[in-house]
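A short write-up of the structure that comes next.
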Amino acid sequence: MSPAKSVVRLEHVCKEYQLGSEAVHAVRDVSFDIEDKVFLAIAGPSGSGKSTLLNLIGCIDTPSAGRVIIDGQDVSGKTPDELAELRSRTISFIFQTFNLFPVLTAEENVEYPLLQRPDISKAERQERVKFFLNTVGLSKFAKHRPNQLSGGQRQRVAIARALSTRPRIVLADEPTANLDHKTGESILSIMRAINQAFETTFVFSTHDQRVMAMADRLVRVSDGELTAFGVKSGERWSFVRTKAAAKQEAEVQRLQEDPDLKDVLEDPVLREMVMEDVNLRRALLGDHVDNSG
Ligand code: ADP
Ligand code: MG
């Protein structure tokens, strides 16, 4: 990966939260690059650190250690004002729960981020609102408020809103989690089409396998660690497996060979519990993994 082509770079990023007297390691020593114009999925089970990673990339959270570099700029040294400026010009968000203003119409929701930009004229604002509502197929619903729209339509308004500032990167935290599968897939298809038409970089989190399949980059996380980084070229995925993945596989192996677990494995109920854990880990690590990597 050439650094010149990266729009985001994470270098040994860690994030710890203090929960009472206990430290929660939400992200542990994660490094990867996001190349310009990719459609990247962050996959992993609940609690694996997906939202934390997106918040770090989106500069709404700062790392406990390591560096986050956005568009060539190390964000660590920046003041809150500078970060807000970088965010408003470079990054947009799409949320699981859409986060539209209920009292505003679809077009007013899309216009909202543009009102914070004095450099954009009223005519330009109106032009963009029209253009992006049309892009997501909602021209006819411009005057509808969120409660007059379906879940899929609300998420399309949120996509139009995210695009209105013409960001380089759109971050979407489980954008399909509140939608039925078919609607979720159509939302992802719209995002993918926009990614290709406007060359906007998309980073989204999901645990839906079928949604993941639309990506051309895949970051797999488990327990705050990066376990695999996948690159799709043509129809073929190749995976770089990380030290963290190797460590977990060794753990699975150890579990299976542990003499202390012999009795456990002979008890059908306990065996099931242990194997479930092993299979779960396997599922997280194993599927997709190309051993040539
Ligand atoms: P995911 O999005 O994959 O479900 P998260 O990034 O939300 O995972 O969380 C990763 C871990 O960090 C979890 O164990 C979660 O409980 C913990 N965590 C996230 N945010 C906070 C917080 N503000 N305070 C304490 N712990 C947190
Ligand atoms: Mg989350």
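Every chain in the structure tokens has a letter given in the order shown (A, B, ...), and although residue numbers restart at 1 in each chain, ligands are simply numbered from 1 in the order shown.
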Polymer residues at most 10 Å from stretch 87-99 of chain A, only C-alpha atoms, same-chain spacing of 6 or more positions, as a PyMOL selection string: chain A and resi 7+54-55+57-60+70-71+81+109+113-114+116-117+146+151-179+201-205
Those in stretch 49-274 of chain A with strand (DSSP E) from DSSP, as a ChimeraX atom specification: /A:65-70,73-74,91-94,169-173,201-206,217-222,225-233,236-241
Each residue of chain A with at least one atom at most 7 Å from ligand 1 should appear once, together with its nearest atom pair and the corresponding distance in Å (one decimal); atoms considered: only C-alpha atoms and all ligand atoms; ordering: chain, then increasing residue number; output as CSV.
residue,atom,partner,partner_atom_place_in_ligand_line,distance
A:Tyr17,CA,ligand 1,25 (C),4.7
A:Gln18,CA,ligand 1,25 (C),6.0
A:Leu19,CA,ligand 1,25 (C),5.4
A:Val24,CA,ligand 1,26 (N),5.8
A:His25,CA,ligand 1,12 (O),6.4
A:Ala26,CA,ligand 1,12 (O),3.9
A:Gly44,CA,ligand 1,3 (O),6.2
A:Pro45,CA,ligand 1,3 (O),5.9
A:Ser46,CA,ligand 1,4 (O),3.7
A:Gly47,CA,ligand 1,4 (O),3.4
A:Ser48,CA,ligand 1,3 (O),3.9
A:Gly49,CA,ligand 1,6 (O),3.2
A:Lys50,CA,ligand 1,3 (O),3.8
A:Ser51,CA,ligand 1,2 (O),3.7
A:Thr52,CA,ligand 1,6 (O),3.7
A:Leu53,CA,ligand 1,6 (O),6.5
A:Gly224,CA,ligand 1,10 (C),6.6
Atomic distance atom CA of A:Arg210 - atom CA of A:Leu40, expressed in Å with one decimal: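 Computed distance, atom CA of A:Arg210 to atom CA of A:Leu40, equals 13.8 Å.
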DSSP-assigned alpha helix (DSSP H) members of stretch 19-203 of chain A, reported as a ChimeraX atom specification: /A:50-57,80-90,106-115,122-135,151-164,181-198
What does the file look like for those residues with C-alpha atoms, as a PDB file, in the first residue's frame?
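Contents of out-v3.pdb, freshly written:
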ATOM      1  CA  LYS A  50     -16.016  -1.345  15.331  1.00  0.00           C
ATOM      2  CA  SER A  51     -17.713   1.835  16.573  1.00  0.00           C
ATOM      3  CA  THR A  52     -14.606   2.888  18.464  1.00  0.00           C
ATOM      4  CA  LEU A  53     -12.535   2.523  15.269  1.00  0.00           C
ATOM      5  CA  LEU A  54     -15.052   4.546  13.250  1.00  0.00           C
ATOM      6  CA  ASN A  55     -15.110   7.259  15.907  1.00  0.00           C
ATOM      7  CA  LEU A  56     -11.304   7.407  15.876  1.00  0.00           C
ATOM      8  CA  ILE A  57     -11.210   7.630  12.080  1.00  0.00           C
ATOM      9  CA  PRO A  80     -10.903  20.944  18.928  1.00  0.00           C
ATOM     10  CA  ASP A  81     -11.623  23.807  16.484  1.00  0.00           C
ATOM     11  CA  GLU A  82      -9.128  22.496  13.949  1.00  0.00           C
ATOM     12  CA  LEU A  83     -10.598  19.009  14.290  1.00  0.00           C
ATOM     13  CA  ALA A  84     -14.110  20.320  13.765  1.00  0.00           C
ATOM     14  CA  GLU A  85     -12.893  22.122  10.653  1.00  0.00           C
ATOM     15  CA  LEU A  86     -11.147  18.998   9.307  1.00  0.00           C
ATOM     16  CA  ARG A  87     -14.293  16.947   9.992  1.00  0.00           C
ATOM     17  CA  SER A  88     -16.694  19.378   8.370  1.00  0.00           C
ATOM     18  CA  ARG A  89     -14.663  19.490   5.167  1.00  0.00           C
ATOM     19  CA  THR A  90     -13.465  15.919   4.884  1.00  0.00           C
ATOM     20  CA  ALA A 106     -36.085  15.639   3.916  1.00  0.00           C
ATOM     21  CA  GLU A 107     -34.673  18.598   1.974  1.00  0.00           C
ATOM     22  CA  GLU A 108     -34.097  20.617   5.153  1.00  0.00           C
ATOM     23  CA  ASN A 109     -32.238  17.687   6.710  1.00  0.00           C
ATOM     24  CA  VAL A 110     -29.992  17.446   3.642  1.00  0.00           C
ATOM     25  CA  GLU A 111     -29.425  21.212   3.676  1.00  0.00           C
ATOM     26  CA  TYR A 112     -28.605  21.328   7.386  1.00  0.00           C
ATOM     27  CA  PRO A 113     -24.817  20.654   7.253  1.00  0.00           C
ATOM     28  CA  LEU A 114     -24.505  23.232   4.463  1.00  0.00           C
ATOM     29  CA  LEU A 115     -25.907  25.939   6.736  1.00  0.00           C
ATOM     30  CA  LYS A 122     -27.849  29.769  -0.995  1.00  0.00           C
ATOM     31  CA  ALA A 123     -28.122  28.947  -4.701  1.00  0.00           C
ATOM     32  CA  GLU A 124     -25.365  26.354  -4.393  1.00  0.00           C
ATOM     33  CA  ARG A 125     -27.089  24.872  -1.305  1.00  0.00           C
ATOM     34  CA  GLN A 126     -30.372  24.502  -3.143  1.00  0.00           C
ATOM     35  CA  GLU A 127     -28.614  22.997  -6.133  1.00  0.00           C
ATOM     36  CA  ARG A 128     -26.852  20.400  -3.976  1.00  0.00           C
ATOM     37  CA  VAL A 129     -29.982  19.482  -1.995  1.00  0.00           C
ATOM     38  CA  LYS A 130     -31.842  18.853  -5.237  1.00  0.00           C
ATOM     39  CA  PHE A 131     -28.972  16.924  -6.759  1.00  0.00           C
ATOM     40  CA  PHE A 132     -28.333  14.629  -3.815  1.00  0.00           C
ATOM     41  CA  LEU A 133     -32.027  13.939  -3.074  1.00  0.00           C
ATOM     42  CA  ASN A 134     -32.274  12.935  -6.719  1.00  0.00           C
ATOM     43  CA  THR A 135     -29.127  10.791  -6.397  1.00  0.00           C
ATOM     44  CA  GLY A 151     -36.701   3.265   7.379  1.00  0.00           C
ATOM     45  CA  GLY A 152     -34.991   2.761   4.033  1.00  0.00           C
ATOM     46  CA  GLN A 153     -36.106   6.199   2.837  1.00  0.00           C
ATOM     47  CA  ARG A 154     -34.853   7.797   6.058  1.00  0.00           C
ATOM     48  CA  GLN A 155     -31.468   6.207   5.569  1.00  0.00           C
ATOM     49  CA  ARG A 156     -31.435   7.506   1.991  1.00  0.00           C
ATOM     50  CA  VAL A 157     -32.064  11.030   3.317  1.00  0.00           C
ATOM     51  CA  ALA A 158     -29.136  10.470   5.705  1.00  0.00           C
ATOM     52  CA  ILE A 159     -26.956   9.411   2.758  1.00  0.00           C
ATOM     53  CA  ALA A 160     -27.935  12.538   0.792  1.00  0.00           C
ATOM     54  CA  ARG A 161     -27.169  14.643   3.883  1.00  0.00           C
ATOM     55  CA  ALA A 162     -23.771  12.972   4.274  1.00  0.00           C
ATOM     56  CA  LEU A 163     -22.924  13.690   0.629  1.00  0.00           C
ATOM     57  CA  SER A 164     -24.109  17.295   0.581  1.00  0.00           C
ATOM     58  CA  HIS A 181     -32.290  -7.448   4.804  1.00  0.00           C
ATOM     59  CA  LYS A 182     -33.619  -6.446   1.398  1.00  0.00           C
ATOM     60  CA  THR A 183     -33.774  -2.747   2.297  1.00  0.00           C
ATOM     61  CA  GLY A 184     -30.318  -2.993   3.857  1.00  0.00           C
ATOM     62  CA  GLU A 185     -28.929  -4.449   0.681  1.00  0.00           C
ATOM     63  CA  SER A 186     -30.473  -1.678  -1.415  1.00  0.00           C
ATOM     64  CA  ILE A 187     -28.976   0.947   0.925  1.00  0.00           C
ATOM     65  CA  LEU A 188     -25.563  -0.649   0.510  1.00  0.00           C
ATOM     66  CA  SER A 189     -26.053  -0.756  -3.265  1.00  0.00           C
ATOM     67  CA  ILE A 190     -26.780   2.985  -3.283  1.00  0.00           C
ATOM     68  CA  MET A 191     -23.663   3.614  -1.190  1.00  0.00           C
ATOM     69  CA  ARG A 192     -21.628   1.441  -3.556  1.00  0.00           C
ATOM     70  CA  ALA A 193     -22.961   3.254  -6.634  1.00  0.00           C
ATOM     71  CA  ILE A 194     -22.073   6.623  -5.063  1.00  0.00           C
ATOM     72  CA  ASN A 195     -18.631   5.311  -4.135  1.00  0.00           C
ATOM     73  CA  GLN A 196     -18.051   4.430  -7.786  1.00  0.00           C
ATOM     74  CA  ALA A 197     -19.700   7.483  -9.369  1.00  0.00           C
ATOM     75  CA  PHE A 198     -18.230  10.182  -7.093  1.00  0.00           C
TER      76      PHE A 198
END
Distance criterion (only C-alpha atoms): nearest to A:Ala142 out of A:Thr105, A:Thr79, A:Arg67, A:Lys15: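 Closest to A:Ala142, using only C-alpha atoms: A:Thr105.
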